Amino acid sequence: METEEKQQSVAGKASKTLIVAAVAIGAIYFTYNKVDHALHFESTDNAQIETNSVPVISRISGYVRDFTLLDYQTVKKGDTLAVIDDRDFVLAVQQAQADLLSAQADLAAAESQLPTIGSNRTVAAAGVSVEEVGLDKAKRDMARDEALYKDGSITLRQLENSQSAYKTAVSLLASSKTRVQQAGVQTGTANAQIQRAKATIAAKETALERAKLDLSYTRIIAPSTGKLGKTNLKPGQFVQGGQQLFSLVSSDKYWIVANFKETQLEHMKVGQPVKIEVDGYPNQEVSGRISGFSDATGAKFSLLPPDNSTGNFVKVTQRVPVTIEIDHPEALTGLLKAGLSVEVDVKVK
């Protein structure tokens, strides 16, 4: 009996020794892994998946005519999300088109005056030449008759007739020159009307393009592929220009923003590989690479940044946002969602 008790005691002590040894080995292995990991990796669980959240905004005011989409529905870039009643905008386009046609008619009318004015000026210029010849002849006739009258060869009445013909020729020449000047003024006026009509046409063309642009805004188009957020839009609802209707979470690109302590940044560089563990999918292997560092700490982007000039300074370890590009995001379609928490390990050595 004593021998059996001694054997059991020895066996118990051996078992305890083995257990203690196993625990010690496990603790040493765990500690070694932790130390090795700390030496070669920088880690943080303060990280989230990010993507672009695009606000869908109405460019114009009006009543919603068609909207049948559901919350969180997937849409593709270029899909029609909603339609605003376009009847007022169609009428605006038609009015702009009519205004443009009227301006074009005014231009045609102004341009049609130029040939008539040019003909009048040509006729007036020809009249000036004729009147100058007539004036020259009347002047010579009057000078000859004055000499004859002094010699007594003609009567006073004949001299007066010559003088009257000369005065008439002077008046006719002045009248022809005035018509030439008037034709020049009319040409300038017509050209000014043409330029004004062209400017009006340019303004009406701009107004027409604006009306067409407003008409195109009655169809609200998806700016990118993704999923809708919460929608409260209903047919018949009035929306204001510039009003955000809902958000569209883009699925074109995902990335991670990880907030590392400032004491972790010493050996971190762009391009270093990153092991990523998504809390929602712990068994999914995800990897990436550092793509950039923020030039300011997260506290500087807060609504009320800390002010250390008051004298009540308490040193707090700051965190710096680091962007991480995900490798092969197309293989994770349907899994990645903005806002999901992740843990990241950056291999720095």
# chains A, B, ... in the order shown; residues from 1 in each chain; ligands from 1
>>> closest_atom_pairs(of="region 241-324 of chain A", to="region 51-61 of chain A", cutoff="8 Å", atoms="only C-alpha atoms", output="tab-separated table")
residue	atom	partner	partner_atom	distance
A:Gly241	CA	A:Ile60	CA	4.0
A:Gly242	CA	A:Arg59	CA	5.4
A:Gln243	CA	A:Ile57	CA	5.6
A:Gln244	CA	A:Ile57	CA	4.3
A:Leu245	CA	A:Ile57	CA	5.7
A:Phe246	CA	A:Val56	CA	5.6
A:Ser247	CA	A:Pro55	CA	4.5
A:Leu248	CA	A:Val54	CA	5.0
A:Val249	CA	A:Ser53	CA	4.5
A:Ser250	CA	A:Asn52	CA	5.4
A:Ser251	CA	A:Thr51	CA	7.3
A:Lys253	CA	A:Thr51	CA	6.2
A:Tyr254	CA	A:Thr51	CA	4.8
A:Trp255	CA	A:Thr51	CA	6.5
>>> write_last_selection(atoms="C-alpha atoms", output="JSON list (two decimals), in the first residue's frame")
[["chain", "number", "residue", "atom", "x", "y", "z"],
["A", 241, "GLY", "CA", -33.45, 73.91, -56.10],
["A", 242, "GLY", "CA", -30.31, 72.93, -54.23],
["A", 243, "GLN", "CA", -32.19, 70.66, -51.82],
["A", 244, "GLN", "CA", -30.54, 67.32, -50.98],
["A", 245, "LEU", "CA", -33.03, 64.56, -51.70],
["A", 246, "PHE", "CA", -31.04, 61.61, -50.36],
["A", 247, "SER", "CA", -27.53, 60.16, -50.42],
["A", 248, "LEU", "CA", -25.96, 57.64, -52.76],
["A", 249, "VAL", "CA", -23.24, 55.46, -51.25],
["A", 250, "SER", "CA", -20.80, 54.84, -54.09],
["A", 251, "SER", "CA", -19.49, 51.32, -54.63],
["A", 253, "LYS", "CA", -14.01, 52.62, -54.56],
["A", 254, "TYR", "CA", -13.40, 51.59, -50.94],
["A", 255, "TRP", "CA", -10.48, 52.40, -48.68]]
>>> residues_around(residues="Lys167 (chain A)", least_positions_apart="4", cutoff="9 Å", atoms="only C-alpha atoms", output="ChimeraX atom specification")
/A:135,138,162-163,171-172
>>> write_last_selection(atoms="N, CA and C atoms", output="PDB file, in the first residue's frame")
ATOM      1  N   LEU A 135     -23.215 123.316-111.604  1.00  0.00           N
ATOM      2  CA  LEU A 135     -22.772 124.515-110.912  1.00  0.00           C
ATOM      3  C   LEU A 135     -21.632 125.183-111.667  1.00  0.00           C
ATOM      4  N   ALA A 138     -23.163 126.962-114.602  1.00  0.00           N
ATOM      5  CA  ALA A 138     -23.920 128.142-114.182  1.00  0.00           C
ATOM      6  C   ALA A 138     -22.986 129.258-113.771  1.00  0.00           C
ATOM      7  N   SER A 162     -29.222 134.443-115.162  1.00  0.00           N
ATOM      8  CA  SER A 162     -27.951 133.723-114.989  1.00  0.00           C
ATOM      9  C   SER A 162     -27.590 133.610-113.514  1.00  0.00           C
ATOM     10  N   GLN A 163     -27.779 134.727-112.780  1.00  0.00           N
ATOM     11  CA  GLN A 163     -27.469 134.681-111.341  1.00  0.00           C
ATOM     12  C   GLN A 163     -28.397 133.727-110.590  1.00  0.00           C
ATOM     13  N   SER A 171     -27.630 125.486-104.582  1.00  0.00           N
ATOM     14  CA  SER A 171     -28.570 124.830-103.666  1.00  0.00           C
ATOM     15  C   SER A 171     -28.722 123.349-103.990  1.00  0.00           C
ATOM     16  N   LEU A 172     -28.778 123.031-105.286  1.00  0.00           N
ATOM     17  CA  LEU A 172     -28.919 121.624-105.682  1.00  0.00           C
ATOM     18  C   LEU A 172     -27.692 120.802-105.272  1.00  0.00           C
TER      19      LEU A 172
END
>>> select_by_dssp(residues="region 193-346 of chain A", states="strand (DSSP E or B)", output="JSON, numbers by chain")
{"A": [219, 220, 221, 226, 227, 228, 238, 239, 244, 245, 246, 247, 248, 249, 250, 251, 252, 253, 254, 255, 256, 257, 258, 259, 260, 261, 273, 274, 275, 276, 277, 278, 281, 282, 283, 284, 285, 286, 287, 288, 289, 290, 291, 292, 293, 319, 320, 321, 322, 323, 324, 325, 326, 341, 342, 343, 344, 345, 346]}
>>> closest_atom_pairs(of="region 191-293 of chain A", to="region 79-82 of chain A", cutoff="7 Å", atoms="only C-alpha atoms", output="tab-separated table")
residue	atom	partner	partner_atom	distance
A:Arg219	CA	A:Ala82	CA	6.1
A:Ile220	CA	A:Ala82	CA	5.2
A:Ile221	CA	A:Thr80	CA	4.6
A:Ala222	CA	A:Asp79	CA	5.3
>>> residues_around(residues="region 278-290 of chain A", least_positions_apart="4", cutoff="6 Å", atoms="only C-alpha atoms", output="list in words")
Val270, Gly271, Gln272, Pro273, Val274, Ile324, Glu325, Ile326, Asp327, Ser341 and Val342 of chain A
>>> closest_residue(among="A:Ile25, A:Ala197, A:Lys212, A:Ser43", to="Val348 (chain A)", atoms="only C-alpha atoms")
A:Ser43
>>> atom_distance(atom1="CA of Thr168 (chain A)", atom2="CA of Leu148 (chain A)")
21.2 Å
>>> atom_distance(atom1="CA of Gln240 (chain A)", atom2="CA of Arg210 (chain A)")
18.0 Å
>>> atom_distance(atom1="CA of Ala203 (chain A)", atom2="CA of Gln94 (chain A)")
15.5 Å
>>> closest_atom_pairs(of="region 36-144 of chain A", to="region 258-268 of chain A", cutoff="12 Å", atoms="only C-alpha atoms", output="tab-separated table")
residue	atom	partner	partner_atom	distance
A:Ala38	CA	A:Gln264	CA	10.5
A:Leu39	CA	A:His267	CA	10.6
A:His40	CA	A:His267	CA	9.7
A:Phe41	CA	A:Met268	CA	9.4
A:Glu42	CA	A:Gln264	CA	6.4
A:Ser43	CA	A:Phe260	CA	7.8
A:Thr44	CA	A:Phe260	CA	6.3
A:Asp45	CA	A:Ala258	CA	7.8
A:Asn46	CA	A:Asn259	CA	5.6
A:Ala47	CA	A:Ala258	CA	4.0
A:Gln48	CA	A:Ala258	CA	6.6
A:Ile49	CA	A:Ala258	CA	8.8
A:Glu50	CA	A:Ala258	CA	10.1
>>> residues_around(residues="Phe238 (chain A)", least_positions_apart="5", cutoff="10 Å", atoms="only C-alpha atoms", output="MDAnalysis selection string")
chainID A and resid 61:65 84:85 233
>>> write_last_selection(atoms="N, CA and C atoms", output="PDB file, in the first residue's frame")
ATOM      1  N   SER A  61     -36.354  73.767 -58.823  1.00  0.00           N
ATOM      2  CA  SER A  61     -37.525  73.633 -57.960  1.00  0.00           C
ATOM      3  C   SER A  61     -38.690  73.085 -58.775  1.00  0.00           C
ATOM      4  N   GLY A  62     -39.498  72.263 -58.134  1.00  0.00           N
ATOM      5  CA  GLY A  62     -40.656  71.719 -58.829  1.00  0.00           C
ATOM      6  C   GLY A  62     -41.278  70.577 -58.047  1.00  0.00           C
ATOM      7  N   TYR A  63     -42.322  69.999 -58.630  1.00  0.00           N
ATOM      8  CA  TYR A  63     -43.040  68.897 -58.000  1.00  0.00           C
ATOM      9  C   TYR A  63     -42.545  67.562 -58.571  1.00  0.00           C
ATOM     10  N   VAL A  64     -42.327  66.620 -57.680  1.00  0.00           N
ATOM     11  CA  VAL A  64     -41.856  65.295 -58.101  1.00  0.00           C
ATOM     12  C   VAL A  64     -42.979  64.588 -58.846  1.00  0.00           C
ATOM     13  N   ARG A  65     -42.669  64.143 -60.059  1.00  0.00           N
ATOM     14  CA  ARG A  65     -43.675  63.433 -60.858  1.00  0.00           C
ATOM     15  C   ARG A  65     -43.537  61.919 -60.718  1.00  0.00           C
ATOM     16  N   ILE A  84     -38.927  65.258 -62.168  1.00  0.00           N
ATOM     17  CA  ILE A  84     -39.702  66.421 -61.739  1.00  0.00           C
ATOM     18  C   ILE A  84     -40.617  66.852 -62.876  1.00  0.00           C
ATOM     19  N   ASP A  85     -41.810  67.276 -62.554  1.00  0.00           N
ATOM     20  CA  ASP A  85     -42.785  67.729 -63.557  1.00  0.00           C
ATOM     21  C   ASP A  85     -42.137  68.764 -64.470  1.00  0.00           C
ATOM     22  N   LEU A 233     -38.584  60.598 -50.281  1.00  0.00           N
ATOM     23  CA  LEU A 233     -39.165  61.314 -51.416  1.00  0.00           C
ATOM     24  C   LEU A 233     -40.435  60.610 -51.892  1.00  0.00           C
TER      25      LEU A 233
END
>>> closest_residue(among="A:Tyr72, A:Leu336, A:Ser153, A:Val20", to="Asn232 (chain A)", atoms="only C-alpha atoms")
A:Tyr72
>>> residues_around(residues="Leu215 (chain A)", least_positions_apart="6", cutoff="10 Å", atoms="only C-alpha atoms", output="list in words")
Ile60, Ile84, Asp85, Asp86, Arg87, Asp88, Phe89, Val90, Leu91, Ala92, Val93 and Glu209 of chain A
